[in-house]
Amino acid sequence: MRGLGSVVVGLLLVSMALVSGLTVAGSAAASSVPSSAPLPFFVTNVQSTNWAGYAVTGAAHSVTRVSGSWVEPTVVGSCPSGARYSSFWIGIDGYSSSTVEQTGTDVDCTGGHASYYAWYEFYPAGSVSIGSVAVSDGDHISASVSFSTSFTVKLTDVTSGKSFSITKSVSGAQRSSAEWIAESPEICSSTCKLASLTDFGTVHFSNGRATVSGTSGAIGSFSSVDKITMTNSGGTITRASPSALNTAGTSFSIRWKHT
């Protein structure tokens, strides 16, 4: 999210939609174990330096839809003087591919003030703010990304009734994953680094569904599901942590842990 070219307070926010620092089974620093999700779900625990949430993976060109809802969280306490950013979105690709087709919202702290807004992105093109859909904390957000011959992203602020959609073609899209994510973007000036994560408390995702290889179902209904915990680069500090899926396999929460 936050595509190359977006400027905020003199800093360039670079897309970190591509999952970074991922440790999975088979790598030297990784392990693969069942989560505590209720049966019959089986998910693999993985770590990332910029994502927290869930991803469903499939064969290349198998994912045609992802959808979900969340409640825009409120900044906990007062915004500090330094800038902090948190993004919440659903999308296709980016987990193991070089494009991302996504839409979501942000909770940012800049200049001591909180800002809430919606956006979409067809990475590697830059992210675009959705000015026609004003977002406030506490609003119920519903979103989807679908593929036919092109990608269509749609975001609705259910609380206000405002909605936005756009359709674009994306060259090289693999359509090999669907995601429900809280993200820490990367900021760049002379160098790039992960942003400090806005303290959003807890964000609640619901109605998580995907269509993979023609089969539609809840997040937990698929055979390849990864539960992603956001950590520091060494994996010793948790930055944001997802809960287990609910018994229907459609809902979970992500809790802020550390900047």
# chains A, B, ... in the order shown; residues from 1 in each chain; ligands from 1
$ residues_around --residues "Trp70 in chain A" --least-positions-apart "2" --cutoff "9 Å" --atoms "only C-alpha atoms" --output "list in words"
Gly68, Glu72, Pro73, Phe88, Trp89, Asp139, His140, Ile141, Ser142, Ala143, Val203, His204, Phe205, Ser206 and Asn207 of chain A
$ residues_around --residues "Gln174 in chain A" --least-positions-apart "5" --cutoff "7 Å" --atoms "only C-alpha atoms" --output "PyMOL selection string"
chain A and resi 60-61+93+97
$ write_last_selection --atoms "N, CA and C atoms" --output "PDB file, in the first residue's frame"
ATOM      1  N   ALA A  60      -0.977 -20.178  -9.601  1.00  0.00           N
ATOM      2  CA  ALA A  60      -0.976 -18.970 -10.422  1.00  0.00           C
ATOM      3  C   ALA A  60      -2.287 -18.862 -11.193  1.00  0.00           C
ATOM      4  N   HIS A  61      -2.833 -17.679 -11.230  1.00  0.00           N
ATOM      5  CA  HIS A  61      -4.051 -17.344 -11.975  1.00  0.00           C
ATOM      6  C   HIS A  61      -5.300 -18.042 -11.431  1.00  0.00           C
ATOM      7  N   ASP A  93      -2.827 -10.716  -4.637  1.00  0.00           N
ATOM      8  CA  ASP A  93      -1.393 -10.661  -4.971  1.00  0.00           C
ATOM      9  C   ASP A  93      -0.582  -9.946  -3.894  1.00  0.00           C
ATOM     10  N   SER A  97       4.179 -12.451  -5.082  1.00  0.00           N
ATOM     11  CA  SER A  97       4.199 -11.953  -6.458  1.00  0.00           C
ATOM     12  C   SER A  97       4.519 -10.466  -6.442  1.00  0.00           C
TER      13      SER A  97
END
$ atom_distance --atom1 "CA of Thr159 in chain A" --atom2 "CA of Val76 in chain A"
21.2 Å
$ atom_distance --atom1 "CA of Ser87 in chain A" --atom2 "CA of Thr247 in chain A"
25.9 Å
$ closest_residue --among "A:Ser224, A:Thr191, A:Ser86, A:Ser177" --to "Thr99 in chain A" --atoms "only C-alpha atoms"
A:Ser177
$ closest_residue --among "A:Val66, A:Val43, A:Met230, A:Leu197" --to "Thr103 in chain A" --atoms "only C-alpha atoms"
A:Val66
$ residues_around --residues "Phe122 in chain A" --least-positions-apart "4" --cutoff "7 Å" --atoms "only C-alpha atoms" --output "list in words"
Val100, Glu101 and Gln102 of chain A
$ select_by_dssp --residues "range 45-218 of chain A" --states "strand (DSSP E or B)" --output "count of residues only"
109
$ residues_around --residues "Ser132 in chain A" --least-positions-apart "2" --cutoff "9 Å" --atoms "only C-alpha atoms" --output "JSON, numbers by chain"
{"A": [129, 130, 134, 162, 163, 164]}
$ write_last_selection --atoms "C-alpha atoms" --output "short mmCIF file (atom, residue, chain, number, x, y, z; two decimals), in the first residue's frame"
data_model
loop_
_atom_site.label_atom_id
_atom_site.label_comp_id
_atom_site.auth_asym_id
_atom_site.auth_seq_id
_atom_site.Cartn_x
_atom_site.Cartn_y
_atom_site.Cartn_z
CA SER A 129 -6.64 8.51 -2.20
CA ILE A 130 -10.40 8.11 -2.57
CA ALA A 134 -14.66 10.38 3.59
CA LYS A 162 -20.61 6.39 0.16
CA SER A 163 -19.03 3.99 -2.32
CA PHE A 164 -16.25 3.94 -4.92
#
$ residues_around --residues "Phe200 in chain A" --least-positions-apart "4" --cutoff "12 Å" --atoms "only C-alpha atoms" --output "PyMOL selection string"
chain A and resi 71-79+84-88+106-109+114-116+137-138+182-184+196+204+239-240+253-259
$ atom_distance --atom1 "CA of Cys188 in chain A" --atom2 "CA of Thr105 in chain A"
20.3 Å
$ residues_around --residues "Arg175 in chain A" --least-positions-apart "5" --cutoff "12 Å" --atoms "only C-alpha atoms" --output "ChimeraX atom specification"
/A:56-66,91-102,145-148,150-151,170,210-213
$ decode --residues "range 199-244 of chain A" --atoms "N, CA and C atoms" --output "mmCIF file, in the first residue's frame"
data_model
loop_
_atom_site.group_PDB
_atom_site.id
_atom_site.type_symbol
_atom_site.label_atom_id
_atom_site.label_comp_id
_atom_site.auth_asym_id
_atom_site.auth_seq_id
_atom_site.Cartn_x
_atom_site.Cartn_y
_atom_site.Cartn_z
ATOM 1 N N ASP A 199 -0.699 3.508 16.846
ATOM 2 C CA ASP A 199 -1.373 2.665 17.839
ATOM 3 C C ASP A 199 -2.869 2.679 17.545
ATOM 4 N N PHE A 200 -3.321 1.647 16.826
ATOM 5 C CA PHE A 200 -4.735 1.551 16.461
ATOM 6 C C PHE A 200 -5.516 0.671 17.432
ATOM 7 N N GLY A 201 -4.857 0.197 18.481
ATOM 8 C CA GLY A 201 -5.547 -0.652 19.444
ATOM 9 C C GLY A 201 -5.849 -2.009 18.850
ATOM 10 N N THR A 202 -7.073 -2.213 18.423
ATOM 11 C CA THR A 202 -7.495 -3.454 17.774
ATOM 12 C C THR A 202 -8.375 -3.127 16.577
ATOM 13 N N VAL A 203 -8.113 -3.770 15.456
ATOM 14 C CA VAL A 203 -8.980 -3.645 14.286
ATOM 15 C C VAL A 203 -9.665 -4.984 14.059
ATOM 16 N N HIS A 204 -10.951 -4.937 13.784
ATOM 17 C CA HIS A 204 -11.753 -6.151 13.619
ATOM 18 C C HIS A 204 -12.105 -6.354 12.142
ATOM 19 N N PHE A 205 -11.663 -7.486 11.572
ATOM 20 C CA PHE A 205 -12.025 -7.873 10.212
ATOM 21 C C PHE A 205 -13.158 -8.901 10.275
ATOM 22 N N SER A 206 -14.099 -8.821 9.334
ATOM 23 C CA SER A 206 -15.204 -9.778 9.274
ATOM 24 C C SER A 206 -15.572 -10.045 7.821
ATOM 25 N N ASN A 207 -16.432 -11.031 7.627
ATOM 26 C CA ASN A 207 -16.949 -11.367 6.285
ATOM 27 C C ASN A 207 -15.833 -11.672 5.285
ATOM 28 N N GLY A 208 -14.721 -12.235 5.779
ATOM 29 C CA GLY A 208 -13.602 -12.538 4.902
ATOM 30 C C GLY A 208 -13.876 -13.745 4.018
ATOM 31 N N ARG A 209 -13.895 -13.514 2.728
ATOM 32 C CA ARG A 209 -14.164 -14.580 1.767
ATOM 33 C C ARG A 209 -13.274 -14.405 0.531
ATOM 34 N N ALA A 210 -13.051 -15.504 -0.179
ATOM 35 C CA ALA A 210 -12.262 -15.475 -1.409
ATOM 36 C C ALA A 210 -12.815 -16.487 -2.391
ATOM 37 N N THR A 211 -12.439 -16.317 -3.640
ATOM 38 C CA THR A 211 -12.735 -17.303 -4.677
ATOM 39 C C THR A 211 -11.409 -17.751 -5.285
ATOM 40 N N VAL A 212 -11.111 -19.030 -5.150
ATOM 41 C CA VAL A 212 -9.862 -19.609 -5.628
ATOM 42 C C VAL A 212 -10.197 -20.840 -6.462
ATOM 43 N N SER A 213 -9.675 -20.892 -7.688
ATOM 44 C CA SER A 213 -9.935 -22.013 -8.606
ATOM 45 C C SER A 213 -11.430 -22.280 -8.753
ATOM 46 N N GLY A 214 -12.210 -21.202 -8.769
ATOM 47 C CA GLY A 214 -13.650 -21.320 -8.990
ATOM 48 C C GLY A 214 -14.459 -21.656 -7.762
ATOM 49 N N THR A 215 -13.808 -21.882 -6.637
ATOM 50 C CA THR A 215 -14.507 -22.216 -5.397
ATOM 51 C C THR A 215 -14.513 -21.015 -4.466
ATOM 52 N N SER A 216 -15.699 -20.610 -4.024
ATOM 53 C CA SER A 216 -15.828 -19.488 -3.102
ATOM 54 C C SER A 216 -16.014 -19.997 -1.677
ATOM 55 N N GLY A 217 -15.376 -19.327 -0.727
ATOM 56 C CA GLY A 217 -15.520 -19.772 0.650
ATOM 57 C C GLY A 217 -14.915 -18.796 1.632
ATOM 58 N N ALA A 218 -15.096 -19.079 2.910
ATOM 59 C CA ALA A 218 -14.507 -18.294 3.984
ATOM 60 C C ALA A 218 -12.994 -18.467 4.004
ATOM 61 N N ILE A 219 -12.317 -17.543 4.669
ATOM 62 C CA ILE A 219 -10.864 -17.627 4.789
ATOM 63 C C ILE A 219 -10.442 -19.025 5.249
ATOM 64 N N GLY A 220 -11.103 -19.510 6.282
ATOM 65 C CA GLY A 220 -10.709 -20.776 6.881
ATOM 66 C C GLY A 220 -11.115 -22.019 6.120
ATOM 67 N N SER A 221 -11.823 -21.856 4.993
ATOM 68 C CA SER A 221 -12.280 -23.032 4.251
ATOM 69 C C SER A 221 -11.250 -23.549 3.260
ATOM 70 N N PHE A 222 -10.168 -22.814 3.063
ATOM 71 C CA PHE A 222 -9.187 -23.201 2.055
ATOM 72 C C PHE A 222 -8.055 -24.029 2.675
ATOM 73 N N SER A 223 -7.379 -24.770 1.832
ATOM 74 C CA SER A 223 -6.364 -25.713 2.326
ATOM 75 C C SER A 223 -5.025 -25.053 2.600
ATOM 76 N N SER A 224 -4.806 -23.847 2.061
ATOM 77 C CA SER A 224 -3.537 -23.161 2.272
ATOM 78 C C SER A 224 -3.807 -21.770 2.827
ATOM 79 N N VAL A 225 -3.734 -21.635 4.153
ATOM 80 C CA VAL A 225 -4.029 -20.383 4.842
ATOM 81 C C VAL A 225 -2.857 -20.038 5.746
ATOM 82 N N ASP A 226 -2.340 -18.819 5.633
ATOM 83 C CA ASP A 226 -1.247 -18.359 6.482
ATOM 84 C C ASP A 226 -1.733 -17.276 7.433
ATOM 85 N N LYS A 227 -1.410 -17.446 8.698
ATOM 86 C CA LYS A 227 -1.670 -16.445 9.733
ATOM 87 C C LYS A 227 -0.372 -15.662 9.924
ATOM 88 N N ILE A 228 -0.407 -14.355 9.670
ATOM 89 C CA ILE A 228 0.803 -13.542 9.578
ATOM 90 C C ILE A 228 0.912 -12.628 10.790
ATOM 91 N N THR A 229 1.998 -12.734 11.531
ATOM 92 C CA THR A 229 2.282 -11.857 12.654
ATOM 93 C C THR A 229 3.369 -10.871 12.248
ATOM 94 N N MET A 230 3.139 -9.593 12.506
ATOM 95 C CA MET A 230 4.125 -8.563 12.188
ATOM 96 C C MET A 230 5.130 -8.448 13.327
ATOM 97 N N THR A 231 6.410 -8.578 12.994
ATOM 98 C CA THR A 231 7.473 -8.513 13.997
ATOM 99 C C THR A 231 8.581 -7.572 13.530
ATOM 100 N N ASN A 232 9.552 -7.340 14.388
ATOM 101 C CA ASN A 232 10.763 -6.658 13.940
ATOM 102 C C ASN A 232 11.573 -7.606 13.067
ATOM 103 N N SER A 233 12.661 -7.099 12.498
ATOM 104 C CA SER A 233 13.420 -7.900 11.531
ATOM 105 C C SER A 233 14.018 -9.151 12.153
ATOM 106 N N GLY A 234 14.282 -9.129 13.463
ATOM 107 C CA GLY A 234 14.838 -10.302 14.111
ATOM 108 C C GLY A 234 13.799 -11.266 14.624
ATOM 109 N N GLY A 235 12.520 -10.879 14.526
ATOM 110 C CA GLY A 235 11.444 -11.735 15.001
ATOM 111 C C GLY A 235 11.316 -11.783 16.509
ATOM 112 N N THR A 236 11.984 -10.845 17.214
ATOM 113 C CA THR A 236 11.994 -10.880 18.675
ATOM 114 C C THR A 236 10.940 -9.961 19.294
ATOM 115 N N ILE A 237 10.418 -9.010 18.522
ATOM 116 C CA ILE A 237 9.416 -8.068 19.017
ATOM 117 C C ILE A 237 8.190 -8.139 18.119
ATOM 118 N N THR A 238 7.022 -8.358 18.694
ATOM 119 C CA THR A 238 5.780 -8.387 17.931
ATOM 120 C C THR A 238 5.250 -6.968 17.767
ATOM 121 N N ARG A 239 4.968 -6.592 16.515
ATOM 122 C CA ARG A 239 4.435 -5.256 16.239
ATOM 123 C C ARG A 239 2.916 -5.280 16.131
ATOM 124 N N ALA A 240 2.357 -6.316 15.566
ATOM 125 C CA ALA A 240 0.897 -6.469 15.462
ATOM 126 C C ALA A 240 0.593 -7.949 15.321
ATOM 127 N N SER A 241 -0.467 -8.392 16.010
ATOM 128 C CA SER A 241 -0.731 -9.828 16.096
ATOM 129 C C SER A 241 -2.189 -10.141 15.785
ATOM 130 N N PRO A 242 -2.450 -11.068 14.843
ATOM 131 C CA PRO A 242 -3.829 -11.461 14.543
ATOM 132 C C PRO A 242 -4.323 -12.538 15.508
ATOM 133 N N SER A 243 -5.609 -12.518 15.765
ATOM 134 C CA SER A 243 -6.232 -13.578 16.567
ATOM 135 C C SER A 243 -6.468 -14.803 15.699
ATOM 136 N N ALA A 244 -6.949 -15.875 16.310
ATOM 137 C CA ALA A 244 -7.433 -17.021 15.547
ATOM 138 C C ALA A 244 -8.700 -16.619 14.790
#
